[in-house]
Each structure stands twice: as C-alpha cells, then as structure tokens.
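S.K.: Structure: start26.cif, mmCIF, C-alpha atoms.
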```cif
data_model
loop_
_atom_site.group_PDB
_atom_site.id
_atom_site.type_symbol
_atom_site.label_atom_id
_atom_site.label_comp_id
_atom_site.auth_asym_id
_atom_site.auth_seq_id
_atom_site.Cartn_x
_atom_site.Cartn_y
_atom_site.Cartn_z
ATOM 1 C CA MET H 14 -20.547 -40.300 18.010
ATOM 2 C CA GLY H 15 -18.046 -40.612 15.190
ATOM 3 C CA THR H 16 -20.696 -40.126 12.522
ATOM 4 C CA GLN H 17 -21.894 -36.951 14.207
ATOM 5 C CA ILE H 18 -18.389 -35.482 14.299
ATOM 6 C CA LEU H 19 -17.953 -36.367 10.619
ATOM 7 C CA PHE H 20 -21.312 -34.788 9.827
ATOM 8 C CA GLY H 21 -20.342 -31.598 11.660
ATOM 9 C CA ILE H 22 -17.007 -31.256 9.883
ATOM 10 C CA LEU H 23 -18.489 -31.940 6.443
ATOM 11 C CA ALA H 24 -21.438 -29.619 7.032
ATOM 12 C CA ALA H 25 -19.129 -26.773 8.096
ATOM 13 C CA ILE H 26 -16.921 -27.265 5.008
ATOM 14 C CA MET H 27 -19.995 -27.396 2.755
ATOM 15 C CA ILE H 28 -21.608 -24.238 4.079
ATOM 16 C CA VAL H 29 -18.380 -22.211 4.023
ATOM 17 C CA CYS H 30 -17.521 -23.279 0.478
ATOM 18 C CA ALA H 31 -21.099 -22.822 -0.739
ATOM 19 C CA ILE H 32 -20.962 -19.234 0.496
ATOM 20 C CA GLY H 33 -17.618 -18.990 -1.298
ATOM 21 C CA VAL H 34 -19.278 -20.090 -4.559
ATOM 22 C CA VAL H 35 -21.885 -17.376 -4.293
ATOM 23 C CA ALA H 36 -19.738 -14.613 -2.804
ATOM 24 C CA SER H 37 -16.779 -14.556 -5.177
ATOM 25 C CA ASN H 38 -16.866 -12.638 -8.445
ATOM 26 C CA ASN H 39 -14.182 -14.775 -10.055
ATOM 27 C CA PRO H 40 -15.722 -17.778 -11.873
ATOM 28 C CA VAL H 41 -12.579 -19.895 -11.392
ATOM 29 C CA ARG H 42 -12.688 -19.378 -7.631
ATOM 30 C CA SER H 43 -16.396 -20.239 -7.600
ATOM 31 C CA ALA H 44 -15.715 -23.422 -9.547
ATOM 32 C CA LEU H 45 -12.961 -24.558 -7.172
ATOM 33 C CA ASN H 46 -15.193 -23.861 -4.162
ATOM 34 C CA LEU H 47 -17.955 -25.854 -5.820
ATOM 35 C CA VAL H 48 -15.571 -28.789 -6.314
ATOM 36 C CA ILE H 49 -14.945 -28.862 -2.547
ATOM 37 C CA VAL H 50 -18.700 -28.776 -1.880
ATOM 38 C CA LEU H 51 -19.285 -31.661 -4.308
ATOM 39 C CA PHE H 52 -16.532 -33.749 -2.722
ATOM 40 C CA SER H 53 -17.977 -33.142 0.749
ATOM 41 C CA VAL H 54 -21.413 -34.177 -0.510
ATOM 42 C CA ALA H 55 -19.851 -37.364 -1.910
ATOM 43 C CA LEU H 56 -18.236 -38.120 1.450
ATOM 44 C CA MET H 57 -21.567 -37.554 3.156
ATOM 45 C CA TYR H 58 -23.226 -40.010 0.750
ATOM 46 C CA ILE H 59 -20.603 -42.599 1.658
ATOM 47 C CA SER H 60 -21.198 -41.959 5.360
ATOM 48 C CA LEU H 61 -24.906 -42.599 4.636
ATOM 49 C CA ASN H 62 -23.972 -46.032 3.215
ATOM 50 C CA ALA H 63 -24.646 -44.920 -0.354
ATOM 51 C CA SER H 64 -21.213 -45.752 -1.689
ATOM 52 C CA PHE H 65 -22.267 -46.183 -5.328
ATOM 53 C CA VAL H 66 -23.999 -42.806 -5.421
ATOM 54 C CA GLY H 67 -20.938 -41.281 -3.741
ATOM 55 C CA ALA H 68 -18.645 -42.691 -6.421
ATOM 56 C CA ILE H 69 -20.990 -41.487 -9.175
ATOM 57 C CA GLN H 70 -21.049 -38.068 -7.519
ATOM 58 C CA ILE H 71 -17.257 -37.803 -7.727
ATOM 59 C CA ILE H 72 -17.053 -39.176 -11.273
ATOM 60 C CA VAL H 73 -19.946 -37.257 -12.826
ATOM 61 C CA TYR H 74 -20.054 -34.014 -10.843
ATOM 62 C CA ALA H 75 -16.518 -33.398 -9.645
ATOM 63 C CA GLY H 76 -15.082 -35.042 -12.725
ATOM 64 C CA ALA H 77 -17.175 -34.363 -15.799
ATOM 65 C CA ILE H 78 -19.401 -31.404 -14.975
ATOM 66 C CA MET H 79 -16.759 -29.311 -13.229
ATOM 67 C CA VAL H 80 -14.216 -29.967 -15.980
ATOM 68 C CA LEU H 81 -16.848 -28.768 -18.459
ATOM 69 C CA PHE H 82 -17.336 -25.590 -16.404
ATOM 70 C CA LEU H 83 -13.594 -24.932 -16.207
ATOM 71 C CA PHE H 84 -13.220 -25.597 -19.940
ATOM 72 C CA VAL H 85 -15.865 -22.991 -20.759
ATOM 73 C CA ILE H 86 -14.350 -20.485 -18.335
ATOM 74 C CA MET H 87 -10.921 -20.919 -19.900
ATOM 75 C CA LEU H 88 -12.328 -20.985 -23.443
ATOM 76 C CA LEU H 89 -14.171 -17.715 -23.021
ATOM 77 C CA ASN H 90 -11.241 -16.265 -21.062
ATOM 78 C CA LEU H 91 -13.449 -15.167 -18.200
ATOM 79 C CA GLY H 92 -10.795 -15.613 -15.517
ATOM 80 C CA THR H 93 -10.559 -11.875 -14.997
ATOM 81 C CA PRO H 94 -14.163 -10.711 -14.799
ATOM 82 C CA GLU H 95 -15.193 -7.583 -16.623
ATOM 83 C CA GLN H 96 -16.658 -5.113 -14.210
ATOM 84 C CA ILE H 97 -20.313 -5.765 -14.791
ATOM 85 C CA VAL H 98 -22.491 -2.769 -14.095
ATOM 86 C CA ASN H 99 -25.436 -3.975 -12.144
ATOM 87 C CA ARG H 100 -28.520 -2.166 -13.339
ATOM 88 C CA LEU H 101 -30.782 -3.861 -10.849
ATOM 89 C CA LYS H 102 -29.246 -2.931 -7.505
ATOM 90 C CA PRO H 103 -32.463 -3.337 -5.463
ATOM 91 C CA GLN H 104 -32.644 -6.912 -6.703
ATOM 92 C CA ASN H 105 -29.808 -7.941 -4.371
ATOM 93 C CA SER H 106 -31.491 -6.945 -1.127
ATOM 94 C CA LEU H 107 -34.880 -8.126 -2.360
ATOM 95 C CA SER H 108 -33.486 -11.506 -3.332
ATOM 96 C CA ILE H 109 -31.952 -11.964 0.115
ATOM 97 C CA ILE H 110 -35.323 -11.185 1.692
ATOM 98 C CA GLY H 111 -36.936 -13.698 -0.655
ATOM 99 C CA ALA H 112 -34.329 -16.353 0.124
ATOM 100 C CA VAL H 113 -34.779 -15.899 3.881
ATOM 101 C CA THR H 114 -38.540 -16.253 3.417
ATOM 102 C CA MET H 115 -38.002 -19.425 1.431
ATOM 103 C CA ALA H 116 -35.667 -20.767 4.133
ATOM 104 C CA GLY H 117 -38.414 -20.123 6.672
ATOM 105 C CA VAL H 118 -40.942 -22.022 4.555
ATOM 106 C CA ILE H 119 -38.527 -24.971 4.165
ATOM 107 C CA ALA H 120 -37.801 -24.915 7.911
ATOM 108 C CA SER H 121 -41.508 -25.019 8.731
ATOM 109 C CA VAL H 122 -41.945 -27.989 6.379
ATOM 110 C CA VAL H 123 -38.969 -29.775 7.953
ATOM 111 C CA ALA H 124 -40.384 -29.125 11.407
ATOM 112 C CA SER H 125 -43.868 -30.356 10.529
ATOM 113 C CA VAL H 126 -42.917 -33.551 8.664
ATOM 114 C CA PRO H 127 -42.876 -36.594 10.946
ATOM 115 C CA THR H 128 -39.391 -38.047 10.763
ATOM 116 C CA PRO H 129 -38.639 -41.650 11.613
ATOM 117 C CA PRO H 130 -36.820 -42.038 14.931
ATOM 118 C CA SER H 131 -33.191 -42.849 14.286
ATOM 119 C CA SER H 132 -33.216 -45.426 17.079
ATOM 120 C CA ARG H 133 -35.197 -47.780 14.827
ATOM 121 C CA LEU H 134 -32.615 -47.427 12.079
ATOM 122 C CA LEU H 135 -31.612 -50.701 10.491
ATOM 123 C CA PRO H 136 -27.985 -51.769 10.763
ATOM 124 C CA ALA H 137 -25.617 -50.344 8.236
ATOM 125 C CA GLN H 138 -25.789 -52.052 4.869
ATOM 126 C CA THR H 139 -23.805 -50.488 2.074
ATOM 127 C CA VAL H 140 -25.756 -49.978 -1.142
ATOM 128 C CA GLY H 141 -23.424 -50.801 -3.995
ATOM 129 C CA ALA H 142 -23.778 -51.135 -7.738
ATOM 130 C CA LEU H 143 -25.434 -54.549 -7.408
ATOM 131 C CA GLN H 144 -28.428 -53.351 -5.387
ATOM 132 C CA ILE H 145 -28.760 -50.178 -7.507
ATOM 133 C CA GLY H 146 -28.769 -52.188 -10.718
ATOM 134 C CA GLN H 147 -31.226 -54.750 -9.421
ATOM 135 C CA SER H 148 -33.719 -52.088 -8.381
ATOM 136 C CA LEU H 149 -33.168 -50.001 -11.505
ATOM 137 C CA PHE H 150 -34.379 -52.778 -13.804
ATOM 138 C CA THR H 151 -37.684 -53.342 -12.061
ATOM 139 C CA PRO H 152 -40.927 -52.140 -13.695
ATOM 140 C CA THR H 153 -41.098 -49.092 -11.410
ATOM 141 C CA TRP H 154 -37.806 -47.585 -12.498
ATOM 142 C CA LEU H 155 -37.334 -48.990 -15.987
ATOM 143 C CA PHE H 156 -39.299 -46.302 -17.817
ATOM 144 C CA PRO H 157 -37.473 -43.354 -16.166
ATOM 145 C CA PHE H 158 -34.213 -45.109 -16.940
ATOM 146 C CA GLU H 159 -35.030 -45.384 -20.635
ATOM 147 C CA ALA H 160 -36.402 -41.840 -20.734
ATOM 148 C CA VAL H 161 -33.174 -40.509 -19.209
ATOM 149 C CA SER H 162 -31.127 -42.291 -21.843
ATOM 150 C CA ILE H 163 -33.142 -40.574 -24.590
ATOM 151 C CA LEU H 164 -32.790 -37.250 -22.756
ATOM 152 C CA LEU H 165 -29.006 -37.626 -22.676
ATOM 153 C CA LEU H 166 -28.970 -38.388 -26.398
ATOM 154 C CA ILE H 167 -31.076 -35.296 -27.134
ATOM 155 C CA ALA H 168 -28.825 -33.150 -24.945
ATOM 156 C CA THR H 169 -25.710 -34.413 -26.696
ATOM 157 C CA VAL H 170 -27.136 -33.655 -30.132
ATOM 158 C CA GLY H 171 -28.397 -30.271 -28.922
ATOM 159 C CA ALA H 172 -25.028 -29.282 -27.474
ATOM 160 C CA VAL H 173 -23.274 -30.205 -30.713
ATOM 161 C CA VAL H 174 -25.824 -28.275 -32.781
ATOM 162 C CA LEU H 175 -25.406 -25.209 -30.551
ATOM 163 C CA ALA H 176 -21.632 -25.294 -30.514
ATOM 164 C CA VAL H 177 -20.946 -25.983 -34.179
ATOM 165 C CA ARG H 178 -19.862 -22.952 -36.188
ATOM 166 C CA ARG H 179 -22.322 -21.885 -38.855
ATOM 167 C CA MET H 180 -21.123 -22.512 -42.385
ATOM 168 C CA SER H 181 -21.655 -19.363 -44.377
ATOM 169 C CA MET M 22 -20.987 -48.745 13.555
ATOM 170 C CA GLY M 23 -23.999 -51.103 13.403
ATOM 171 C CA ASN M 24 -27.234 -50.330 15.119
ATOM 172 C CA VAL M 25 -25.733 -49.447 18.490
ATOM 173 C CA ALA M 26 -23.996 -46.307 17.209
ATOM 174 C CA VAL M 27 -25.566 -42.930 17.877
ATOM 175 C CA HIS M 28 -26.875 -41.723 14.525
ATOM 176 C CA THR M 29 -27.121 -38.198 13.287
ATOM 177 C CA PRO M 30 -30.815 -37.309 13.286
ATOM 178 C CA LEU M 31 -32.479 -37.009 9.890
ATOM 179 C CA GLU M 32 -33.419 -33.419 10.681
ATOM 180 C CA PHE M 33 -29.750 -32.391 10.618
ATOM 181 C CA TYR M 34 -29.423 -33.536 7.044
ATOM 182 C CA LEU M 35 -32.644 -31.773 6.048
ATOM 183 C CA ILE M 36 -31.521 -28.526 7.700
ATOM 184 C CA LEU M 37 -28.126 -28.691 5.985
ATOM 185 C CA SER M 38 -29.888 -29.348 2.687
ATOM 186 C CA ALA M 39 -32.176 -26.360 3.223
ATOM 187 C CA ILE M 40 -29.204 -24.102 4.007
ATOM 188 C CA LEU M 41 -27.375 -25.161 0.844
ATOM 189 C CA PHE M 42 -30.543 -24.716 -1.236
ATOM 190 C CA THR M 43 -31.020 -21.197 0.139
ATOM 191 C CA ILE M 44 -27.408 -20.236 -0.596
ATOM 192 C CA GLY M 45 -27.895 -21.501 -4.154
ATOM 193 C CA THR M 46 -31.077 -19.447 -4.530
ATOM 194 C CA VAL M 47 -29.289 -16.302 -3.400
ATOM 195 C CA GLY M 48 -26.578 -17.010 -5.965
ATOM 196 C CA VAL M 49 -29.029 -17.432 -8.823
ATOM 197 C CA LEU M 50 -30.877 -14.244 -7.903
ATOM 198 C CA THR M 51 -27.941 -11.922 -7.236
ATOM 199 C CA LYS M 52 -25.226 -12.952 -9.685
ATOM 200 C CA ARG M 53 -24.869 -11.334 -13.103
ATOM 201 C CA ASN M 54 -22.484 -13.922 -14.504
ATOM 202 C CA PRO M 55 -24.423 -16.809 -16.087
ATOM 203 C CA ILE M 56 -21.638 -19.305 -15.332
ATOM 204 C CA ILE M 57 -21.795 -18.582 -11.599
ATOM 205 C CA MET M 58 -25.589 -18.743 -11.844
ATOM 206 C CA PHE M 59 -25.245 -22.214 -13.337
ATOM 207 C CA MET M 60 -22.953 -23.240 -10.497
ATOM 208 C CA SER M 61 -25.555 -22.019 -8.014
ATOM 209 C CA VAL M 62 -28.155 -24.174 -9.746
ATOM 210 C CA GLU M 63 -25.802 -27.151 -9.353
ATOM 211 C CA LEU M 64 -25.557 -26.275 -5.662
ATOM 212 C CA MET M 65 -29.361 -26.368 -5.353
ATOM 213 C CA LEU M 66 -29.550 -29.721 -7.157
ATOM 214 C CA ASN M 67 -26.923 -31.136 -4.792
ATOM 215 C CA ALA M 68 -28.856 -29.897 -1.782
ATOM 216 C CA VAL M 69 -31.927 -31.790 -2.979
ATOM 217 C CA ASN M 70 -29.843 -34.894 -3.720
ATOM 218 C CA LEU M 71 -28.439 -34.807 -0.203
ATOM 219 C CA SER M 72 -31.903 -34.860 1.336
ATOM 220 C CA LEU M 73 -32.956 -37.665 -1.039
ATOM 221 C CA VAL M 74 -30.023 -39.853 0.019
ATOM 222 C CA ALA M 75 -30.679 -39.083 3.690
ATOM 223 C CA PHE M 76 -34.343 -40.088 3.283
ATOM 224 C CA SER M 77 -33.236 -43.221 1.447
ATOM 225 C CA ARG M 78 -31.061 -44.192 4.409
ATOM 226 C CA TYR M 79 -33.553 -43.368 7.141
ATOM 227 C CA LEU M 80 -36.623 -44.834 5.446
ATOM 228 C CA ASN M 81 -34.581 -47.813 4.249
ATOM 229 C CA ASP M 82 -35.823 -47.361 0.679
ATOM 230 C CA ILE M 83 -33.442 -47.517 -2.259
ATOM 231 C CA GLY M 84 -35.732 -45.347 -4.400
ATOM 232 C CA GLY M 85 -34.124 -42.160 -3.120
ATOM 233 C CA GLN M 86 -30.732 -43.184 -4.430
ATOM 234 C CA LEU M 87 -32.190 -44.095 -7.826
ATOM 235 C CA MET M 88 -33.780 -40.656 -8.011
ATOM 236 C CA VAL M 89 -30.392 -39.113 -7.244
ATOM 237 C CA ILE M 90 -28.919 -40.942 -10.225
ATOM 238 C CA PHE M 91 -31.674 -39.575 -12.486
ATOM 239 C CA VAL M 92 -31.161 -36.062 -11.130
ATOM 240 C CA MET M 93 -27.448 -36.330 -11.920
ATOM 241 C CA ALA M 94 -28.223 -37.411 -15.502
ATOM 242 C CA VAL M 95 -30.618 -34.494 -15.968
ATOM 243 C CA ALA M 96 -28.062 -32.103 -14.442
ATOM 244 C CA ALA M 97 -25.390 -33.323 -16.841
ATOM 245 C CA ALA M 98 -27.724 -32.786 -19.810
ATOM 246 C CA GLU M 99 -28.677 -29.345 -18.519
ATOM 247 C CA VAL M 100 -25.054 -28.270 -18.105
ATOM 248 C CA ALA M 101 -24.105 -29.486 -21.588
ATOM 249 C CA VAL M 102 -26.926 -27.567 -23.275
ATOM 250 C CA GLY M 103 -26.617 -24.510 -21.020
ATOM 251 C CA LEU M 104 -22.899 -24.080 -21.514
ATOM 252 C CA GLY M 105 -23.416 -24.570 -25.259
ATOM 253 C CA ILE M 106 -25.907 -21.689 -25.209
ATOM 254 C CA ILE M 107 -23.469 -19.512 -23.239
ATOM 255 C CA VAL M 108 -20.658 -20.216 -25.723
ATOM 256 C CA THR M 109 -22.972 -19.347 -28.632
ATOM 257 C CA ILE M 110 -24.083 -16.096 -27.001
ATOM 258 C CA TYR M 111 -20.480 -15.147 -26.268
ATOM 259 C CA ARG M 112 -19.547 -15.852 -29.877
ATOM 260 C CA ASN M 113 -22.337 -13.621 -31.181
ATOM 261 C CA ARG M 114 -22.035 -10.710 -28.749
ATOM 262 C CA ASP M 115 -18.561 -10.885 -27.152
ATOM 263 C CA SER M 116 -20.132 -10.659 -23.721
ATOM 264 C CA ILE M 117 -22.122 -12.867 -21.408
ATOM 265 C CA ASN M 118 -23.474 -10.100 -19.205
ATOM 266 C CA ILE M 119 -26.925 -11.321 -18.284
ATOM 267 C CA ASP M 120 -28.312 -7.768 -18.235
ATOM 268 C CA ARG M 121 -27.606 -7.290 -21.925
ATOM 269 C CA MET M 122 -29.537 -10.378 -22.925
ATOM 270 C CA ASP M 123 -32.823 -8.517 -23.113
ATOM 271 C CA THR M 124 -33.576 -8.873 -26.812
ATOM 272 C CA MET M 125 -36.491 -11.154 -26.106
ATOM 273 C CA SER M 126 -38.011 -9.168 -23.239
ATOM 274 C CA GLY M 127 -41.326 -7.682 -24.242
#
```
Kindly return the structure encoded in the file as structure tokens.
M.R.:
Amino acid sequence: MGTQILFGILAAIMIVCAIGVVASNNPVRSALNLVIVLFSVALMYISLNASFVGAIQIIVYAGAIMVLFLFVIMLLNLGTPEQIVNRLKPQNSLSIIGAVTMAGVIASVVASVPTPPSSRLLPAQTVGALQIGQSLFTPTWLFPFEAVSILLLIATVGAVVLAVRRMS
Amino acid sequence: MGNVAVHTPLEFYLILSAILFTIGTVGVLTKRNPIIMFMSVELMLNAVNLSLVAFSRYLNDIGGQLMVIFVMAVAAAEVAVGLGIIVTIYRNRDSINIDRMDTMSG
C-alpha cells in the first residue's frame, strides 16, 4: 500500500511540474520545474529498487545537465523573454491534436501488450553499482559501452569547436 | 516490503510515462524558444527511461537499467552539442527565435 501512495504522490508532482515546464514562457521557471520532475523520477527509480540509476539521475540530470541549461540561460540573458511573435498560430492547436492522437496510439499499445502479473514479482533486491558494473562488462553490453565513450568524446570536442570564438 | 506487499501495477508506470511523453511532445511542437524545446526533449527522454526502469523491475532483467544509463550518456552529449549550437546562433544573430532560423529552408 505504501508504494502505491508514494507512486501517486510522485506521479501527481511529475505531471503538474511537467505541465509547468511546457506552459511557462520563462526559461528559468521551466528549468526549475524540470528539476523537480527529474528529482521525482529519481525517487521513483529508487522506489523501483534501481538505486544506482536513481543516484546517476540526480548527479547527471539534476546536477550536470540542468546546471548547463541554467548557465546558457544566464549567459544569453534570456531570463526576461522577448515577446516572440508566433507566425504559425495554427500550429499550436494542430500540435495538440497530434499529441492527443499519439497518446491514444501509446495507450492502445499499453493496453494490448501482455504485462506480467505483479503477484509473481520477485522480492525486492536493490540493484547497486556492483550488479550494474558486472552486467555492463559482459559481451552483450560491452560494445555499446565503448561506443558511448567515443560518442561522449566526439560531443565534447564538438561542443568546444562550436563554442570557441573564431580568430579573425 | 518483500513479496507480500501490494505492488503498483506495471500499467500505472507505463501510463505515467505516456503522459509525460505526450506533454514533452506538446512542448516541442508549440514552443518557439529552443531552450524550452530542449527541456521538453529531456522530458520525453525521462518518460522513456521511466518505462525502461519499470520494465527492468517487473521483468527482473537488468538490461533496462543499462539502457537507461546509455540514454543518459546520449542525452548529455546531445545537450552539450545543442546548447553549443544555440550559443553560436545567438552570437551570430542576437536572437534565438526559432522562426527566424529559416536560412536553410528551401
């Protein structure tokens, strides 16, 4: 019963703050709402016995990525948004229709997929760094792991190349 | 908790994930500020991650959590490059209005 109450509280916080991300026109307010969503997701990971992924979520997302967002917002001084004239007004209503259609498609998929009965769920066993590391260095996951390391290197070099001021 | 506790059904997690994904899609489609669009993309990635972790728990397979770690790495790379592009565009044009970035449209 306790897990269901926790799920309900976290889900309500997530949905309200996710709407806050999308609804506000102020990037700083969106970013702070997104931080709350990311923290709630991390708590939900921990309640799903994925404590390592929850910690990584807080460190990488709420820590690094959101700080990067806030840095760029402050750097470009976008705290007070310029009144952007929207030239594509019909896009708003059309996009909501499209999103509702997509939600219907996802709901039909969720309804049609056979889900395992939760009564056969194994007893709680927290997945920590040890289990993650042991499964990461098996032949199945080793290649993606190495590929991701190269991807991160490329992204770092690319970001530096983009951000450096041209010498003229 | 153990195995006697009443668990939240897997469907609840999938429905929550679908709701978050849809909210993120609306954000990407309706917003004119590329930074808020990026945040909406992060929202969509988190929605997918949530369903992956839920599947990992309910199917008792650690692969879902490993995929979440890869998705986070790709998201970090994407944000670094994307924000670099936004800073460069702002430096060249003094504006990041997405509607004015139509130089490459045919």
S.K.: Set the distance at 10 Å and use all atoms listed in the file: which residues neighbour M:Gly103 once local chain neighbours fewer than 4 positions away are removed? I'd like the list as a PyMOL selection string.
M.R.: (chain H and resi 168+171-172+175) or (chain M and resi 55-56+59+97-99+107-109)
S.K.: What is the distance between atom CA of H:Phe52 and atom CA of H:Met87, in Å to one decimal?
M.R.: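 About the pair atom CA of H:Phe52 and atom CA of H:Met87: they are 22.2 Å apart.
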S.K.: Applied to the shown file, which residues does the PyMOL selection byres ((chain M and resi 67-78) around 10) return, written as number ranges by chain?
M.R.: H: 50-51, 54-55, 57-59, 61-63, 66-67, 70, 74, 128-129, 134-135, 137-140; M: 30-45, 61-66, 79-90, 92-93, 96
S.K.: Considering all atoms listed in the file, state which residue in the set H:Leu56, H:Ile18, H:Ile71, H:Ala176 is at the smallest distance from chain M.
M.R.: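 Going through H:Leu56, H:Ile18, H:Ile71, H:Ala176 one by one, the smallest distance to chain M is for H:Ala176.
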S.K.: Would you list the contacts of H:Pro40 as an NGL selection string, taking every protein, DNA or RNA residue within 12 Å and counting only C-alpha atoms, but skipping same-chain residues closer than 4 positions in sequence?
M.R.: (:H and (33-36 or 44-47 or 79 or 82-87 or 89-95)) or (:M and (52-61))
S.K.: Just to confirm, what's the straight-line distance from atom CA of H:Asn38 to atom CA of M:Asn118 in Å (one decimal)?
M.R.: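 Answer for the atom CA of H:Asn38 to atom CA of M:Asn118 separation: 12.9 Å.
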S.K.: For a quick check of understanding, using all atoms listed in the file, which of H:Ile28, H:Val48, H:Ile22, H:Val122 has the smallest distance to chain M?
M.R.: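 Of the candidates, the smallest distance to chain M is held by H:Ile28.
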S.K.: Please compute the atom CA of H:Leu23-atom CA of M:Phe91 distance, one decimal, in Å.
M.R.: 24.3 Å
S.K.: Let me know the centre plus edge lengths, in Å and rounded to one decimal, of a box with edges along x, y and z that contains all listed atoms of stretch 23-41 of chain H and is padded by 4 Å on every side, as JSON.
M.R.:
```
{"center_x": -17.2, "center_y": -22.3, "center_z": -1.9, "size_x": 17.3, "size_y": 27.3, "size_z": 28.0}
```
S.K.: Counting all atoms listed in the file, I want the residues whose atoms come within 10 Å of (-35.2, -35.0, -20.9) in the file frame, returned as a VMD selection string.
M.R.: (chain H and resid 157 160 to 168) or (chain M and resid 94 to 95 98 to 99)
S.K.: Calculated over all atoms listed in the file, which of the candidates H:Glu159, H:Val80, H:Ile109, H:Gln147 has the smallest distance to chain M?
M.R.: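 Of H:Glu159, H:Val80, H:Ile109, H:Gln147, the one nearest chain M is H:Ile109, counting all atoms listed in the file.
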S.K.: Can you list, as a ChimeraX atom specification, the residues that the PyMOL selection byres ((chain H and resi 105) around 12) selects here?
M.R.: /H:99-104,106-112 /M:46-53
